[in-house]
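Shown next: start-v2.cif, containing mmCIF, C-alpha atoms and all ligand atoms.
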```cif
data_model
#
loop_
_atom_site.label_atom_id
_atom_site.label_comp_id
_atom_site.auth_asym_id
_atom_site.auth_seq_id
_atom_site.Cartn_x
_atom_site.Cartn_y
_atom_site.Cartn_z
CA MET O 1 0.05 10.95 -8.53
CA SER O 2 1.43 8.01 -6.68
CA THR O 3 0.99 4.64 -8.31
CA ILE O 4 0.49 3.10 -4.88
CA LYS O 5 -2.87 3.03 -3.15
CA ILE O 6 -3.19 1.03 0.05
CA GLY O 7 -6.55 0.27 1.64
CA ILE O 8 -7.04 -0.37 5.37
CA ALA O 9 -9.78 -2.95 5.95
CA GLY O 10 -10.73 -5.00 8.98
CA ARG O 11 -13.34 -5.60 11.64
CA PRO O 12 -15.14 -2.69 13.30
CA ASN O 13 -13.11 -1.11 16.10
CA ALA O 14 -9.78 -2.59 14.92
CA GLY O 15 -8.28 0.91 14.86
CA LYS O 16 -8.38 1.53 11.10
CA SER O 17 -9.31 5.20 11.40
CA THR O 18 -6.79 5.74 14.21
CA LEU O 19 -4.11 4.33 11.91
CA PHE O 20 -5.37 6.37 8.96
CA SER O 21 -5.34 9.51 11.07
CA ALA O 22 -1.79 8.86 12.28
CA ILE O 23 -0.33 8.17 8.85
CA THR O 24 -2.12 10.88 6.93
CA GLY O 25 -2.05 13.51 9.67
CA THR O 26 -5.76 14.21 9.15
CA MET O 27 -8.58 14.19 11.67
CA VAL O 28 -11.27 11.57 11.11
CA ALA O 29 -13.88 10.03 13.41
CA ILE O 30 -12.41 7.57 15.91
CA GLY O 31 -14.63 5.84 18.46
CA ASN O 32 -14.66 2.97 20.88
CA TYR O 33 -17.70 1.43 19.23
CA ALA O 34 -18.44 -0.47 16.03
CA PHE O 35 -19.16 1.33 12.76
CA THR O 36 -17.70 4.68 13.74
CA THR O 37 -16.70 5.14 10.12
CA THR O 38 -19.62 5.25 7.71
CA GLN O 39 -17.89 6.61 4.61
CA PRO O 40 -14.42 5.82 3.24
CA ASN O 41 -11.60 8.28 4.07
CA ASP O 42 -8.92 9.09 1.52
CA GLY O 43 -5.51 10.62 2.31
CA ILE O 44 -1.76 10.61 1.78
CA GLY O 45 0.72 8.57 3.84
CA PHE O 46 4.41 7.78 3.32
CA MET O 47 6.81 4.97 2.67
CA ASN O 48 10.48 5.32 3.66
CA SER O 49 13.65 5.02 1.66
CA ILE O 50 17.25 5.89 2.47
CA CYS O 51 17.84 9.12 0.57
CA PRO O 52 20.83 9.14 -1.82
CA HIS O 53 21.55 12.69 -0.67
CA ASN O 54 23.52 11.05 2.16
CA GLU O 55 26.15 10.02 -0.44
CA LEU O 56 26.22 13.48 -1.98
CA GLY O 57 26.79 15.23 1.32
CA LYS O 58 24.11 17.79 0.41
CA ILE O 59 20.48 18.07 1.49
CA CYS O 60 17.79 17.16 -1.05
CA ASN O 61 14.81 19.27 -2.13
CA PRO O 62 11.85 16.87 -2.53
CA ARG O 63 9.06 18.19 -4.73
CA ARG O 64 6.61 15.89 -2.94
CA GLY O 65 6.89 14.28 0.48
CA ARG O 66 9.88 15.22 2.64
CA CYS O 67 13.25 14.08 3.96
CA GLU O 68 14.08 13.62 7.64
CA ASN O 69 17.73 13.02 8.64
CA GLY O 70 18.48 11.21 5.40
CA THR O 71 15.24 9.20 5.33
CA ARG O 72 13.01 10.05 2.44
CA PHE O 73 9.23 10.01 3.04
CA ILE O 74 7.62 9.16 -0.30
CA PRO O 75 3.86 9.83 -0.65
CA VAL O 76 1.41 6.97 -1.18
CA GLU O 77 -2.39 7.05 -1.20
CA ILE O 78 -4.22 5.55 1.79
CA ILE O 79 -7.91 4.60 2.05
CA ASP O 80 -9.75 3.83 5.31
CA VAL O 81 -13.07 2.02 5.01
CA PRO O 82 -15.90 1.13 7.44
CA GLY O 83 -15.65 -2.12 9.42
CA LEU O 84 -16.31 -5.50 7.81
CA ILE O 85 -18.20 -8.24 9.63
CA GLU O 86 -19.20 -11.73 8.64
CA GLY O 87 -22.15 -11.29 6.32
CA SER O 88 -21.18 -7.76 5.20
CA SER O 89 -21.36 -9.07 1.66
CA GLU O 90 -25.03 -9.96 2.28
CA GLY O 91 -25.75 -6.48 3.56
CA LYS O 92 -25.09 -6.89 7.30
CA GLY O 93 -23.47 -4.02 9.23
CA MET O 94 -22.63 -1.28 6.78
CA GLY O 95 -23.05 -3.75 3.92
CA ASN O 96 -20.16 -3.84 1.51
CA MET O 97 -20.88 -1.16 -1.07
CA PHE O 98 -18.27 1.03 0.65
CA MET O 99 -15.72 -1.60 -0.36
CA ASP O 100 -15.95 -0.09 -3.83
CA ALA O 101 -13.49 2.48 -2.48
CA LEU O 102 -10.96 -0.39 -2.58
CA ARG O 103 -11.59 -1.25 -6.22
CA ASP O 104 -8.34 0.27 -7.49
CA THR O 105 -6.11 -0.24 -4.45
CA THR O 106 -2.76 -1.92 -5.13
CA ALA O 107 -2.69 -3.68 -1.73
CA ILE O 108 -4.96 -4.02 1.29
CA ILE O 109 -3.95 -4.07 4.95
CA ASN O 110 -6.16 -6.43 6.94
CA LEU O 111 -5.89 -4.69 10.31
CA LEU O 112 -6.44 -7.16 13.15
CA ASP O 113 -7.76 -6.32 16.61
CA PRO O 114 -6.27 -8.45 19.41
CA VAL O 115 -9.11 -7.41 21.77
CA SER O 116 -12.22 -9.60 21.60
CA GLU O 117 -15.76 -8.30 22.14
CA ASP O 118 -15.59 -9.44 25.78
CA LYS O 119 -12.29 -7.55 26.19
CA LYS O 120 -9.98 -10.57 26.24
CA ILE O 121 -6.74 -10.72 24.27
CA LEU O 122 -7.12 -13.17 21.39
CA SER O 123 -4.58 -15.95 20.82
CA PRO O 124 -2.63 -16.10 17.54
CA GLU O 125 -4.90 -18.97 16.40
CA GLU O 126 -8.06 -16.96 17.09
CA LEU O 127 -6.59 -14.00 15.23
CA VAL O 128 -5.94 -16.14 12.17
CA LYS O 129 -9.63 -17.09 12.15
CA ASP O 130 -10.61 -13.43 12.40
CA ALA O 131 -8.24 -12.55 9.58
CA GLU O 132 -9.68 -15.27 7.37
CA ALA O 133 -13.25 -14.11 8.02
CA THR O 134 -12.40 -10.58 6.85
CA GLU O 135 -10.54 -11.89 3.82
CA ARG O 136 -13.56 -14.03 2.90
CA GLU O 137 -15.75 -10.93 2.97
CA ILE O 138 -13.30 -9.07 0.73
CA ILE O 139 -13.38 -11.92 -1.79
CA ASN O 140 -17.19 -12.06 -1.54
CA TRP O 141 -17.37 -8.37 -2.35
CA PHE O 142 -15.03 -8.79 -5.32
CA THR O 143 -16.94 -11.82 -6.57
CA SER O 144 -20.32 -10.10 -6.33
CA ARG O 145 -19.01 -7.02 -8.15
CA PHE O 146 -17.31 -9.15 -10.76
CA SER O 147 -20.41 -11.34 -11.30
CA SER O 148 -22.95 -8.52 -11.49
CA ASP O 149 -24.84 -8.18 -14.78
CA TRP O 150 -23.34 -11.47 -15.87
CA ASP O 151 -26.25 -12.50 -18.10
CA LYS O 152 -26.25 -9.20 -19.93
CA PHE O 153 -22.49 -9.42 -20.35
CA SER O 154 -22.69 -13.03 -21.62
CA ARG O 155 -25.36 -12.17 -24.17
CA LYS O 156 -23.26 -9.33 -25.51
CA LEU O 157 -20.17 -11.54 -25.69
CA SER O 158 -21.81 -14.45 -27.44
CA GLN O 159 -22.16 -12.22 -30.49
CA SER O 160 -18.60 -10.90 -30.55
CA HIS O 161 -16.15 -13.86 -30.18
CA ILE O 162 -13.40 -12.20 -28.18
CA THR O 163 -10.55 -13.90 -26.33
CA LEU O 164 -10.71 -14.71 -22.61
CA GLU O 165 -8.10 -12.02 -21.96
CA GLU O 166 -10.21 -9.35 -23.66
CA ALA O 167 -13.38 -10.56 -21.98
CA LEU O 168 -11.76 -10.38 -18.54
CA LEU O 169 -10.30 -6.97 -19.29
CA GLN O 170 -13.85 -5.74 -19.95
CA LYS O 171 -15.57 -7.59 -17.13
CA ALA O 172 -13.00 -6.61 -14.51
CA ALA O 173 -12.62 -3.01 -15.75
CA PHE O 174 -14.20 -1.79 -12.52
CA PHE O 175 -11.14 -3.07 -10.62
CA ASN O 176 -8.69 -1.30 -12.90
CA LEU O 177 -6.76 -4.52 -13.62
CA LYS O 178 -3.96 -4.22 -16.14
CA GLN O 179 -3.81 -6.37 -19.26
CA LYS O 180 -0.46 -7.74 -18.13
CA ASP O 181 -1.97 -8.88 -14.79
CA ILE O 182 -4.85 -10.65 -16.49
CA ARG O 183 -2.50 -12.31 -18.95
CA GLU O 184 -0.35 -13.54 -16.08
CA ILE O 185 -3.34 -15.02 -14.25
CA ILE O 186 -4.68 -16.93 -17.23
CA LEU O 187 -1.25 -18.25 -18.13
CA LYS O 188 -0.63 -19.48 -14.61
CA HIS O 189 -4.05 -20.88 -13.76
CA HIS O 190 -6.57 -22.84 -15.71
CA PHE O 191 -9.82 -21.06 -16.60
CA THR O 192 -12.52 -22.06 -19.08
CA GLU O 193 -11.74 -20.24 -22.34
CA ASP O 194 -15.38 -19.31 -22.93
CA ILE O 195 -16.17 -16.91 -20.08
CA THR O 196 -19.93 -17.19 -20.70
CA LYS O 197 -19.66 -20.77 -19.42
CA TRP O 198 -18.02 -19.83 -16.11
CA ALA O 199 -19.84 -21.26 -13.09
CA ASP O 200 -20.04 -19.32 -9.81
CA GLU O 201 -17.12 -21.32 -8.47
CA GLU O 202 -14.86 -20.19 -11.30
CA LYS O 203 -15.83 -16.55 -10.76
CA ARG O 204 -14.96 -16.90 -7.09
CA GLU O 205 -11.66 -18.56 -7.88
CA PHE O 206 -10.73 -15.74 -10.24
CA SER O 207 -11.57 -13.20 -7.51
CA ALA O 208 -9.50 -15.06 -4.92
CA ILE O 209 -6.51 -15.16 -7.28
CA VAL O 210 -6.73 -11.43 -8.02
CA MET O 211 -6.93 -10.67 -4.31
CA SER O 212 -3.90 -12.78 -3.48
CA GLU O 213 -1.61 -12.28 -6.48
CA ILE O 214 -2.45 -8.87 -7.92
CA ARG O 215 -3.93 -7.07 -4.91
CA PRO O 216 -2.17 -8.67 -1.96
CA THR O 217 -3.95 -8.53 1.39
CA ILE O 218 -1.46 -8.20 4.24
CA ARG O 219 -2.32 -9.00 7.86
CA VAL O 220 -1.14 -6.43 10.40
CA LEU O 221 -1.88 -6.81 14.11
CA ASN O 222 -2.85 -3.53 15.81
CA LYS O 223 -2.98 -2.45 19.49
CA GLY O 224 0.45 -3.94 20.19
CA ASP O 225 0.60 -1.67 23.24
CA LEU O 226 -2.08 -3.88 24.85
CA ILE O 227 -0.34 -7.20 24.16
CA GLU O 228 2.02 -8.40 26.88
CA ASN O 229 3.67 -11.40 25.20
CA ARG O 230 4.22 -9.84 21.80
CA ASP O 231 7.11 -12.17 20.99
CA ASN O 232 4.70 -15.14 20.86
CA TYR O 233 2.72 -13.38 18.15
CA VAL O 234 5.86 -12.39 16.25
CA GLU O 235 6.97 -16.03 16.32
CA GLN O 236 3.65 -16.96 14.72
CA GLY O 237 4.44 -14.56 11.90
CA PHE O 238 2.40 -11.51 12.93
CA THR O 239 3.57 -7.99 12.16
CA ILE O 240 2.60 -5.84 15.15
CA ILE O 241 1.95 -2.09 15.28
CA SER O 242 0.20 0.34 17.60
CA SER O 243 -1.99 2.95 15.94
CA ASP O 244 -2.47 4.55 19.31
CA TYR O 245 1.28 5.15 19.63
CA GLU O 246 1.50 6.30 16.02
CA LEU O 247 -1.21 8.89 16.62
CA SER O 248 0.46 10.10 19.84
CA ILE O 249 3.80 10.37 18.01
CA GLU O 250 2.22 12.31 15.15
CA ARG O 251 0.62 14.73 17.63
CA ALA O 252 3.79 15.04 19.73
CA PHE O 253 5.76 15.85 16.58
CA ASN O 254 3.28 18.52 15.50
CA ALA O 255 3.41 20.05 18.98
CA GLY O 256 7.23 20.13 18.86
CA LEU O 257 7.60 17.64 21.74
CA ILE O 258 9.85 15.24 19.81
CA GLU O 259 12.67 15.87 17.34
CA GLY O 260 11.27 13.84 14.46
CA ILE O 261 8.65 11.29 13.51
CA ARG O 262 11.36 8.64 13.40
CA SER O 263 13.68 9.70 16.17
CA LEU O 264 11.54 9.75 19.28
CA LYS O 265 13.82 12.07 21.21
CA ALA O 266 11.95 14.41 23.53
CA THR O 267 12.65 18.13 23.06
CA GLU O 268 12.91 20.67 25.86
CA LYS O 269 9.29 21.60 25.27
CA ALA O 270 8.07 18.24 26.63
CA ASN O 271 7.07 18.19 30.30
CA PRO O 272 8.21 15.33 32.60
CA LYS O 273 4.99 13.36 32.10
CA GLN O 274 5.25 13.67 28.32
CA LYS O 275 8.92 12.72 28.45
CA GLU O 276 8.02 9.58 30.37
CA ALA O 277 5.35 8.61 27.83
CA ILE O 278 7.82 9.17 24.99
CA LEU O 279 10.44 7.02 26.73
CA ARG O 280 7.90 4.23 27.24
CA MET O 281 6.99 4.19 23.57
CA GLU O 282 10.64 4.27 22.59
CA ALA O 283 11.39 1.28 24.84
CA ASP O 284 8.48 -0.66 23.32
CA TYR O 285 9.82 -0.06 19.81
CA LYS O 286 13.38 -0.88 20.88
CA SER O 287 12.19 -4.30 22.07
CA GLY O 288 11.85 -5.09 18.37
CA SER O 289 8.47 -6.82 18.57
CA MET O 290 6.55 -3.78 17.35
CA LEU O 291 7.19 -1.94 14.08
CA ARG O 292 6.67 1.65 13.03
CA ILE O 293 3.96 2.04 10.45
CA PHE O 294 6.23 3.54 7.75
CA ASP O 295 8.43 0.49 7.98
CA VAL O 296 5.35 -1.70 7.58
CA LEU O 297 4.18 0.33 4.56
CA THR O 298 7.70 0.19 3.10
CA ASN O 299 7.84 -3.60 3.53
CA ILE O 300 4.43 -4.00 1.91
CA ILE O 301 5.48 -1.88 -1.06
CA LYS O 302 8.97 -3.34 -1.48
CA LYS O 303 8.40 -6.97 -0.51
CA ASN O 304 4.73 -7.81 -1.08
CA MET O 305 4.32 -5.54 -4.10
CA ASN O 306 7.88 -5.95 -5.40
CA LYS O 307 8.55 -2.24 -5.99
CA ILE O 308 11.73 -0.17 -6.02
CA VAL O 309 12.46 3.54 -5.65
CA VAL O 310 14.28 5.39 -8.43
CA TYR O 311 15.50 9.00 -8.53
CA PRO O 312 15.46 10.64 -11.98
CA VAL O 313 17.73 13.70 -12.30
CA TYR O 314 18.66 16.19 -15.03
CA ASP O 315 22.31 16.50 -14.06
CA GLU O 316 24.13 13.23 -13.35
CA THR O 317 26.98 14.85 -11.44
CA LYS O 318 25.04 17.20 -9.14
CA TRP O 319 21.94 14.94 -8.98
CA CYS O 320 19.65 17.90 -9.52
CA ASP O 321 16.97 19.20 -11.91
CA LYS O 322 17.31 22.19 -14.28
CA ASP O 323 16.72 24.60 -11.40
CA GLY O 324 19.36 23.05 -9.15
CA ASN O 325 16.90 21.18 -6.88
CA ILE O 326 18.71 18.13 -5.54
CA LEU O 327 17.00 14.73 -6.02
CA PRO O 328 13.59 16.38 -6.55
CA ASP O 329 11.69 13.18 -7.39
CA ALA O 330 11.55 9.72 -5.84
CA LEU O 331 9.48 7.44 -8.08
CA ILE O 332 8.06 4.09 -7.04
CA MET O 333 8.52 1.65 -9.94
CA ALA O 334 7.98 -2.08 -10.40
CA ASN O 335 11.03 -4.28 -9.93
CA GLY O 336 12.01 -5.36 -13.44
CA GLN O 337 11.14 -2.09 -15.20
CA ASN O 338 13.84 -0.52 -17.36
CA ALA O 339 15.34 2.86 -18.20
CA GLU O 340 12.81 3.45 -20.95
CA ASP O 341 9.93 2.75 -18.54
CA LEU O 342 11.42 5.36 -16.23
CA ALA O 343 11.56 7.85 -19.11
CA PHE O 344 7.84 7.25 -19.78
CA GLU O 345 7.09 7.60 -16.07
CA VAL O 346 8.76 11.03 -16.06
CA HIS O 347 6.89 12.17 -19.18
CA THR O 348 5.44 10.57 -22.31
CA ASP O 349 7.51 12.95 -24.49
CA ILE O 350 10.70 11.88 -22.71
CA GLY O 351 9.77 8.23 -23.17
CA GLU O 352 9.12 8.71 -26.86
CA GLY O 353 12.30 10.73 -27.38
CA PHE O 354 14.49 8.38 -25.29
CA ILE O 355 18.11 8.29 -26.52
CA ARG O 356 20.06 6.91 -23.56
CA ALA O 357 20.36 7.16 -19.80
CA ILE O 358 23.31 7.71 -17.48
CA ASN O 359 23.84 6.07 -14.10
CA GLY O 360 24.34 8.91 -11.59
CA ARG O 361 26.69 6.83 -9.44
CA THR O 362 28.96 5.12 -11.99
CA LYS O 363 28.36 7.65 -14.86
CA MET O 364 28.00 4.62 -17.16
CA ILE O 365 25.77 4.90 -20.20
CA LEU O 366 22.59 2.84 -19.90
CA GLY O 367 20.50 1.58 -22.79
CA ARG O 368 16.72 1.55 -22.85
CA ASN O 369 16.67 -2.06 -21.61
CA TYR O 370 18.80 -1.40 -18.55
CA GLU O 371 16.94 -2.96 -15.61
CA LEU O 372 16.48 -0.39 -12.85
CA LYS O 373 17.71 -1.16 -9.35
CA ASP O 374 16.40 0.06 -6.03
CA SER O 375 17.76 3.53 -5.18
CA ASP O 376 19.21 4.15 -8.68
CA VAL O 377 19.91 7.80 -9.57
CA VAL O 378 19.39 8.12 -13.33
CA ARG O 379 19.70 10.88 -15.90
CA ILE O 380 17.68 10.42 -19.07
CA ILE O 381 18.74 11.98 -22.34
CA ALA O 382 15.91 12.43 -24.81
CA LYS O 383 15.30 14.16 -28.13
CA ALA O 384 13.62 17.51 -27.66
CA LYS O 385 10.12 17.65 -29.11
N1 LIG X 401 -4.78 0.66 23.02
C1 LIG X 401 -5.00 0.92 21.74
N2 LIG X 401 -6.21 1.35 21.33
C2 LIG X 401 -6.40 1.60 20.02
C3 LIG X 401 -5.35 1.43 19.08
N3 LIG X 401 -5.84 1.76 17.85
C4 LIG X 401 -7.12 2.13 18.05
N4 LIG X 401 -7.48 2.03 19.34
C5 LIG X 401 -8.80 2.35 19.92
O1 LIG X 401 -9.76 1.46 19.33
C6 LIG X 401 -11.01 2.14 19.18
C7 LIG X 401 -11.48 2.05 17.73
O2 LIG X 401 -10.66 2.86 16.92
P1 LIG X 401 -11.11 3.31 15.45
O3 LIG X 401 -9.90 3.86 14.81
O4 LIG X 401 -12.32 4.16 15.47
O5 LIG X 401 -11.47 1.89 14.83
P2 LIG X 401 -12.03 1.54 13.37
O6 LIG X 401 -11.39 0.27 12.97
O7 LIG X 401 -11.85 2.70 12.46
O8 LIG X 401 -13.57 1.29 13.67
P3 LIG X 401 -14.85 1.37 12.67
O9 LIG X 401 -14.78 2.63 11.91
O10 LIG X 401 -16.00 1.33 13.59
O11 LIG X 401 -14.77 0.16 11.82
C8 LIG X 401 -10.79 3.57 19.66
O12 LIG X 401 -11.22 3.66 21.00
C9 LIG X 401 -9.28 3.74 19.57
O13 LIG X 401 -8.77 4.68 20.47
C10 LIG X 401 -4.08 0.96 19.54
O14 LIG X 401 -3.10 0.78 18.80
N5 LIG X 401 -3.97 0.73 20.88
MG MG X 402 -13.17 3.76 11.40
#
```

As a first step, turn the structure in this file into structure tokens.
Amino acid sequence: MSTIKIGIAGRPNAGKSTLFSAITGTMVAIGNYAFTTTQPNDGIGFMNSICPHNELGKICNPRRGRCENGTRFIPVEIIDVPGLIEGSSEGKGMGNMFMDALRDTTAIINLLDPVSEDKKILSPEELVKDAEATEREIINWFTSRFSSDWDKFSRKLSQSHITLEEALLQKAAFFNLKQKDIREIILKHHFTEDITKWADEEKREFSAIVMSEIRPTIRVLNKGDLIENRDNYVEQGFTIISSDYELSIERAFNAGLIEGIRSLKATEKANPKQKEAILRMEADYKSGSMLRIFDVLTNIIKKNMNKIVVYPVYDETKWCDKDGNILPDALIMANGQNAEDLAFEVHTDIGEGFIRAINGRTKMILGRNYELKDSDVVRIIAKAK
């Protein structure tokens, strides 16, 4: 399973389910009214990476995901949740219990709606306020989950004398935080060593730090097709997409009206009206102020989450597995992980039996501490069990 799980949160009607539908290719309820979604949706989307098969001059055979004209589509998990409003954490709207679906996400997209309730286009400043309101609700949800049963937890702890790191590992288990992440937070920030003495403010601060440093929340402005002066928003730092376009493209691709999801070239099957719509979308993307969603997902994974893509192979010259499948796997790893980590990612037995690795490009021998680089093709040699 993918190690990446991205949640889509935001106000009601922002277009979360439209976006989810477009990236996962599944049908879910979409409606021009608040609280269309009442239960979280879970599906598979894709990030992009330039496939090394381009260098080999042969086509790859991905075991998961696919490859389109040399661009690899690598699967990642996507979650769509009901809309958040101010006060969701106190039970308004759909409440915030559904947010539990985001408890083990590795990043959250805060999808922003440029259209106000009275159908005006919001200014960049107004959008920032909206974004902050949603982010506050996310932190409120985290804090309330993290603080629940605090007294019971404190009583139990006062008899056991464990370190802050261990206490946090237990208390935040619901969020699937790794020991390394907790260690990093308490090294970098000051927290009271005795967790039973934490005041509400400290609990909230811990939640805010997790949500910004471990589970980054990334603002993405939707409905770019409705914004006339997109460049103004880009200058203010907004990343703009259109879920409506993405969904149309997905449908056009499935109906054989365009050549690929990336290359919006109309096929002969498209009628003149469809061709015109395709050209209009293409022109909007060419203007550069609006991004395709895979590029946004890729940026989130590579830049905000600091990940790389690595291709393990069995044969370092043909870049294939035992059965001759070329570049069968594309694994998303953390920047800074090494050859031994890759071996463990492939299989625990391979990790334990690690002898050495070979760089598929240079054919150099790599030790277990070799730091992996983005797009590396690596053969691992391990003792047979
Ligand atoms: N023009 C335009 N309309 C969009 C876009 N994305 C979504 N919409 C419309 O916005 C409305 C709301 O879309 P949904 O996907 O249901 O929104 P949601 O955020 O899931 O809403 P809730 O589930 O109620 O929180 C629908 O009428 C969509 O067609 C877009 O990029 N451009
Ligand atoms: Mg929805």

Taking all atoms listed in the file into account, produce a table as a tab-separated table in which each residue of chain O with an atom at most 7 Å from an atom of ligand LIG 401 (chain X) appears once, together with its shortest atom pair and the distance in Å to one decimal, ordered by chain and rising number.
```
residue	atom	partner	partner_atom	distance
O:Gly10	CA	X:LIG401	O6	6.6
O:Arg11	CA	X:LIG401	O11	5.9
O:Pro12	CA	X:LIG401	O11	3.2
O:Asn13	CA	X:LIG401	O8	3.4
O:Ala14	CA	X:LIG401	O6	3.8
O:Gly15	CA	X:LIG401	O5	3.3
O:Lys16	CA	X:LIG401	O6	3.8
O:Ser17	CA	X:LIG401	O3	3.7
O:Thr18	CA	X:LIG401	O3	3.7
O:Leu19	CA	X:LIG401	O3	6.5
O:Ala29	CA	X:LIG401	O4	6.4
O:Ile30	CA	X:LIG401	O4	3.4
O:Gly31	CA	X:LIG401	O4	4.1
O:Asn32	CA	X:LIG401	O12	3.5
O:Tyr33	CA	X:LIG401	O10	5.9
O:Ala34	CA	X:LIG401	O10	3.9
O:Phe35	CA	X:LIG401	O10	3.3
O:Thr36	CA	X:LIG401	O10	3.8
O:Thr37	CA	X:LIG401	O9	3.6
O:Thr38	CA	X:LIG401	O9	6.9
O:Pro82	CA	X:LIG401	O11	4.6
O:Gly83	CA	X:LIG401	O11	3.4
O:Asn222	CA	X:LIG401	O14	5.3
O:Lys223	CA	X:LIG401	O14	3.3
O:Gly224	CA	X:LIG401	O14	6.1
O:Asp225	CA	X:LIG401	N5	5.7
O:Leu226	CA	X:LIG401	N1	5.6
O:Ile241	CA	X:LIG401	O14	6.8
O:Ser242	CA	X:LIG401	O14	3.5
O:Ser243	CA	X:LIG401	O14	3.8
O:Asp244	CA	X:LIG401	O14	3.9
O:Tyr245	CA	X:LIG401	O14	6.2
```

Would you kindly identify which residues have an atom no farther than 12 Å from (6.6, -0.1, 21.5), using all atoms listed in the file and the file's own coordinates, and write them out as an MDAnalysis selection string? chainID O and resid 222:228 230 240:246 249 264 277:293

Which residue is closest to ligand MG 402 (chain X)? Choose from O:Ser123, O:Asn41, O:Asn69, O:Thr217 and count all atoms listed in the file.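 Smallest separation from ligand MG 402 (chain X) among the options: O:Asn41.
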
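Across O:Asp80, O:Asp315, O:Glu371, O:Glu135, the tightest approach to ligand MG 402 (chain X) is made by O:Asp80 when counting only C-alpha atoms and all ligand atoms.
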
Name the closest residue to ligand MG 402 (chain X) among the candidates O:Gln39, O:Thr24, O:Gln159, O:Gln337; distances are taken between atoms, counting all atoms listed in the file. O:Gln39

Separation of atom CA of O:Val309 from atom CA of O:Asn359, in Å and rounded to one decimal: 14.4 Å

Would you mind reading off the distance between atom CA of O:Ile109 and atom CA of O:Gly7, one decimal, in Å?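 So the two atoms, atom CA of O:Ile109 and atom CA of O:Gly7, lie 6.0 Å apart.
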
Report, in Å to a single decimal, how far apart atom CA of O:Met333 and atom CA of O:Lys180 are.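 About the pair atom CA of O:Lys180 and atom CA of O:Met333: they are 15.4 Å apart.
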
Restricting the calculation to all atoms listed in the file, which member of O:Arg379, O:Met364, O:Gly237, O:Ile326 is positioned closest to O:Ile350?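 Of all the options, O:Arg379 lies closest to O:Ile350.
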